[in-house]
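Reviewing the structure listed below.
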Amino acid sequence: MKFPCLVLDHDDTVVRSEETVNYPQFCQTLAELRPGVTVSRETFTRDCLQGGYAFMCRQRYGFTDDELAYAFAQWKVYVRTHVPPAYEGIRALLTEHRARGGLIFVVSHSADENILRDYRLHFGMIPDGIYSWDLPEALRKPSPYSLQDIMKKTGYAPRQLLMVDDLRQGRDMAAACGVPFACAGWSHYLPDVEAAMRRLCSRYFSTVQALYDYLFDS
């Protein structure tokens, strides 16, 4: 295999969660914590690209640490009853990778419990390891900690991993560790977001099938 270890983001890389879970839930929390303030999905998407969820909450809306913790707790309640669908083709990709003896890790800003649920429900498997929002903030993506720990545990060199993410936080983490990166472009619906990620990434895949073909071509 080109990459015996796949390291995958979760939201909008493996499951279609922004439009079905994360954005509508954030609108609810924003209405509660900042009455009268609204946000479009397009602004939500661009803010998450630029700095990530926590950065957006603090910089645009002035959330305190307690409010940020409350927002995440509300999201966890919401996601328990709102299951995002998997992208078409992801199950086949993960199944093929596992069948060839590959390892699958998840580095995400979701929580352990919903990542495990989604993998069991959609793919009939669990990842070999998860690095999620449940980590201390200093160790979360884009900190290099997750990739460094994966390499320590597996003994793989950076070139044997492939980080797959739809946003720059995964790209920045991979770059800091010398790990190859593939952009999950199948979730991009805004031309400026796609253009920004294409400028940052040498490997940009518009479809899951394109990534599958890249990974498993003979």
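Residue numbering restarts at 1 in every chain; chains get A, B, ... in the order shown in the structure tokens, and ligands count up from 1 in that same order.
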
#### Entry: Selection: 12 Å around stretch 136-142 of chain A, only C-alpha atoms, excl. self and same-chain fewer than 5 positions, as JSON, numbers by chain
{"A": [8, 9, 51, 52, 53, 54, 55, 65, 68, 69, 106, 107, 108, 109, 110, 111, 130, 131, 147, 148, 149, 163, 165, 167, 168, 169, 170, 171, 172, 173, 174, 175, 176, 177]}

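Assigned to strand (DSSP E or B) in chain A, given DSSP computed from backbone atoms, are Cys5, Leu6, Val7, Leu8, Asp11, Val15, Ala86, Leu103, Ile104, Phe105, Val106, Val107, Gly129, Ile130, Tyr131, Leu161, Leu162, Met163, Val164, Asp165, Phe181, Ala182, Cys183, Ala184, Tyr204 and Phe205 of chain A.
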
Serialized selection, N, CA, C and O atoms, as a short mmCIF file (atom, residue, chain, number, x, y, z; two decimals), in the first residue's frame:
data_model
loop_
_atom_site.label_atom_id
_atom_site.label_comp_id
_atom_site.auth_asym_id
_atom_site.auth_seq_id
_atom_site.Cartn_x
_atom_site.Cartn_y
_atom_site.Cartn_z
N CYS A 5 -1.10 3.52 6.90
CA CYS A 5 -1.85 4.13 8.00
C CYS A 5 -2.61 5.34 7.49
O CYS A 5 -2.01 6.33 7.08
N LEU A 6 -3.94 5.26 7.51
CA LEU A 6 -4.78 6.40 7.18
C LEU A 6 -5.18 7.12 8.45
O LEU A 6 -5.60 6.50 9.43
N VAL A 7 -5.05 8.45 8.43
CA VAL A 7 -5.47 9.28 9.55
C VAL A 7 -6.56 10.20 9.02
O VAL A 7 -6.31 11.04 8.15
N LEU A 8 -7.77 10.03 9.52
CA LEU A 8 -8.92 10.69 8.94
C LEU A 8 -9.56 11.69 9.90
O LEU A 8 -9.76 11.39 11.08
N ASP A 11 -15.76 15.01 10.70
CA ASP A 11 -16.81 15.87 10.16
C ASP A 11 -16.45 16.39 8.78
O ASP A 11 -15.38 16.97 8.58
N VAL A 15 -18.22 11.82 7.44
CA VAL A 15 -19.67 12.01 7.51
C VAL A 15 -20.03 13.44 7.15
O VAL A 15 -19.27 14.38 7.38
N ALA A 86 -22.99 9.08 6.19
CA ALA A 86 -21.63 8.92 5.65
C ALA A 86 -21.62 9.31 4.18
O ALA A 86 -22.62 9.18 3.47
N LEU A 103 -4.07 0.38 8.89
CA LEU A 103 -4.58 0.94 10.12
C LEU A 103 -5.38 2.21 9.84
O LEU A 103 -5.10 2.93 8.87
N ILE A 104 -6.38 2.47 10.70
CA ILE A 104 -7.24 3.63 10.54
C ILE A 104 -7.31 4.38 11.87
O ILE A 104 -7.72 3.82 12.89
N PHE A 105 -6.87 5.63 11.86
CA PHE A 105 -6.96 6.49 13.03
C PHE A 105 -7.84 7.69 12.69
O PHE A 105 -7.93 8.09 11.53
N VAL A 106 -8.46 8.26 13.71
CA VAL A 106 -9.30 9.44 13.53
C VAL A 106 -8.73 10.58 14.37
O VAL A 106 -8.45 10.41 15.56
N VAL A 107 -8.53 11.74 13.73
CA VAL A 107 -8.14 12.96 14.43
C VAL A 107 -9.18 14.01 14.10
O VAL A 107 -9.30 14.44 12.95
N GLY A 129 -7.60 3.95 16.63
CA GLY A 129 -7.36 4.96 17.66
C GLY A 129 -8.09 6.24 17.30
O GLY A 129 -8.34 6.52 16.13
N ILE A 130 -8.46 7.01 18.33
CA ILE A 130 -9.19 8.26 18.14
C ILE A 130 -8.53 9.37 18.96
O ILE A 130 -8.21 9.17 20.15
N TYR A 131 -8.34 10.52 18.33
CA TYR A 131 -7.83 11.71 18.99
C TYR A 131 -8.86 12.81 18.73
O TYR A 131 -8.96 13.32 17.61
N LEU A 161 2.15 7.50 6.63
CA LEU A 161 0.83 7.98 7.02
C LEU A 161 0.26 8.87 5.92
O LEU A 161 1.01 9.52 5.19
N LEU A 162 -1.06 8.92 5.83
CA LEU A 162 -1.73 9.91 5.00
C LEU A 162 -2.82 10.55 5.84
O LEU A 162 -3.72 9.87 6.33
N MET A 163 -2.72 11.87 6.03
CA MET A 163 -3.76 12.63 6.74
C MET A 163 -4.78 13.11 5.73
O MET A 163 -4.44 13.72 4.71
N VAL A 164 -6.06 12.83 5.99
CA VAL A 164 -7.15 13.23 5.10
C VAL A 164 -8.10 14.14 5.87
O VAL A 164 -8.65 13.75 6.91
N ASP A 165 -8.29 15.36 5.39
CA ASP A 165 -9.09 16.35 6.11
C ASP A 165 -9.66 17.33 5.08
O ASP A 165 -9.06 17.54 4.02
N PHE A 181 -0.48 14.81 3.02
CA PHE A 181 -1.85 15.27 3.27
C PHE A 181 -2.68 15.14 2.00
O PHE A 181 -2.21 15.42 0.90
N ALA A 182 -3.94 14.75 2.18
CA ALA A 182 -4.90 14.70 1.08
C ALA A 182 -6.12 15.49 1.49
O ALA A 182 -6.69 15.26 2.57
N CYS A 183 -6.57 16.41 0.65
CA CYS A 183 -7.72 17.23 0.98
C CYS A 183 -9.00 16.56 0.53
O CYS A 183 -9.14 16.14 -0.63
N ALA A 184 -9.95 16.45 1.47
CA ALA A 184 -11.26 15.85 1.18
C ALA A 184 -12.16 16.92 0.57
O ALA A 184 -13.02 17.51 1.22
N TYR A 204 -5.52 17.14 -3.90
CA TYR A 204 -6.89 17.59 -3.68
C TYR A 204 -7.82 16.62 -4.42
O TYR A 204 -7.67 16.42 -5.63
N PHE A 205 -8.77 16.04 -3.69
CA PHE A 205 -9.66 15.05 -4.29
C PHE A 205 -11.10 15.55 -4.22
O PHE A 205 -11.63 15.79 -3.14
#

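Take the candidates A:Thr38, A:Ser17, A:Gln50, A:Thr45 and check each one against A:Asn114 using only C-alpha atoms; the shortest distance goes to A:Ser17.
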
Please provide as a PDB file with N, CA, C and O atoms, in the first residue's frame all residues within 10 Å of A:Val39, with the sequence filter that same-chain residues fewer than 3 positions apart are discarded (counting only C-alpha atoms).
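Output saved as result-v1.pdb:
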ATOM      1  N   TYR A  23     -23.975  22.845  11.858  1.00  0.00           N
ATOM      2  CA  TYR A  23     -24.466  24.203  11.640  1.00  0.00           C
ATOM      3  C   TYR A  23     -25.825  24.435  12.294  1.00  0.00           C
ATOM      4  O   TYR A  23     -25.995  25.421  13.032  1.00  0.00           O
ATOM      5  N   PHE A  26     -25.362  24.714  16.036  1.00  0.00           N
ATOM      6  CA  PHE A  26     -24.689  25.941  16.460  1.00  0.00           C
ATOM      7  C   PHE A  26     -25.651  27.125  16.424  1.00  0.00           C
ATOM      8  O   PHE A  26     -25.588  28.000  17.295  1.00  0.00           O
ATOM      9  N   CYS A  27     -26.539  27.157  15.465  1.00  0.00           N
ATOM     10  CA  CYS A  27     -27.531  28.233  15.401  1.00  0.00           C
ATOM     11  C   CYS A  27     -28.391  28.246  16.657  1.00  0.00           C
ATOM     12  O   CYS A  27     -28.733  29.319  17.180  1.00  0.00           O
ATOM     13  N   LEU A  30     -26.144  29.575  19.509  1.00  0.00           N
ATOM     14  CA  LEU A  30     -25.887  30.999  19.330  1.00  0.00           C
ATOM     15  C   LEU A  30     -27.105  31.820  19.735  1.00  0.00           C
ATOM     16  O   LEU A  30     -26.972  32.869  20.390  1.00  0.00           O
ATOM     17  N   ALA A  31     -28.294  31.345  19.376  1.00  0.00           N
ATOM     18  CA  ALA A  31     -29.521  32.058  19.745  1.00  0.00           C
ATOM     19  C   ALA A  31     -29.691  32.105  21.259  1.00  0.00           C
ATOM     20  O   ALA A  31     -30.223  33.079  21.808  1.00  0.00           O
ATOM     21  N   GLU A  42     -22.723  29.830   5.179  1.00  0.00           N
ATOM     22  CA  GLU A  42     -21.510  30.190   4.449  1.00  0.00           C
ATOM     23  C   GLU A  42     -20.471  30.826   5.374  1.00  0.00           C
ATOM     24  O   GLU A  42     -19.276  30.509   5.307  1.00  0.00           O
ATOM     25  N   THR A  43     -20.920  31.719   6.254  1.00  0.00           N
ATOM     26  CA  THR A  43     -19.998  32.334   7.212  1.00  0.00           C
ATOM     27  C   THR A  43     -19.463  31.302   8.187  1.00  0.00           C
ATOM     28  O   THR A  43     -18.266  31.302   8.524  1.00  0.00           O
ATOM     29  N   PHE A  44     -20.320  30.421   8.652  1.00  0.00           N
ATOM     30  CA  PHE A  44     -19.910  29.335   9.546  1.00  0.00           C
ATOM     31  C   PHE A  44     -18.815  28.499   8.890  1.00  0.00           C
ATOM     32  O   PHE A  44     -17.784  28.193   9.504  1.00  0.00           O
TER      33      PHE A  44
END

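Here atom CA of A:Ile150 is placed at a distance of 13.4 Å from atom CA of A:Gly102.
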
### Query
Which of stretch 1-211 of chain A counts as alpha helix (DSSP H) under DSSP, as a ChimeraX atom specification please?
/A:23-33,41-51,53-61,65-79,90-99,112-123,145-154,168-177,191-200,208-211

### Task
Find the residues around A:Arg80 up to 9 Å (only C-alpha atoms counted), leave out those fewer than 3 positions away in its own chain, and share them as a VMD selection string.
chain A and resid 75 to 77 83 113 to 114

For the residues in that selection, give me N, CA, C and O atoms as a tab-separated table (two decimals), in the first residue's frame.
chain	number	residue	atom	x	y	z
A	75	TRP	N	-23.87	20.56	21.96
A	75	TRP	CA	-23.65	19.83	20.71
A	75	TRP	C	-23.67	18.32	20.95
A	75	TRP	O	-24.26	17.56	20.17
A	76	LYS	N	-23.06	17.85	22.03
A	76	LYS	CA	-23.03	16.42	22.33
A	76	LYS	C	-24.44	15.88	22.55
A	76	LYS	O	-24.75	14.76	22.12
A	77	VAL	N	-25.28	16.65	23.20
A	77	VAL	CA	-26.67	16.23	23.40
A	77	VAL	C	-27.38	16.13	22.05
A	77	VAL	O	-28.09	15.16	21.76
A	83	VAL	N	-27.95	11.84	13.62
A	83	VAL	CA	-26.81	11.08	13.10
A	83	VAL	C	-26.49	11.54	11.69
A	83	VAL	O	-27.33	11.44	10.79
A	113	GLU	N	-17.46	9.48	21.58
A	113	GLU	CA	-18.68	8.68	21.56
A	113	GLU	C	-19.40	8.71	20.22
A	113	GLU	O	-19.90	7.69	19.75
A	114	ASN	N	-19.44	9.89	19.58
A	114	ASN	CA	-20.17	9.92	18.30
A	114	ASN	C	-19.31	9.40	17.15
A	114	ASN	O	-19.83	8.83	16.19

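Taking atom CA of A:Phe63 and atom CA of A:Glu18 as the two end points, the separation is 20.2 Å.
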
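For the residues A:Trp186, A:Ala195, A:Asp112, A:Lys152, ranking by smallest atom-to-atom distance to A:Leu135 using only C-alpha atoms places A:Asp112 first.
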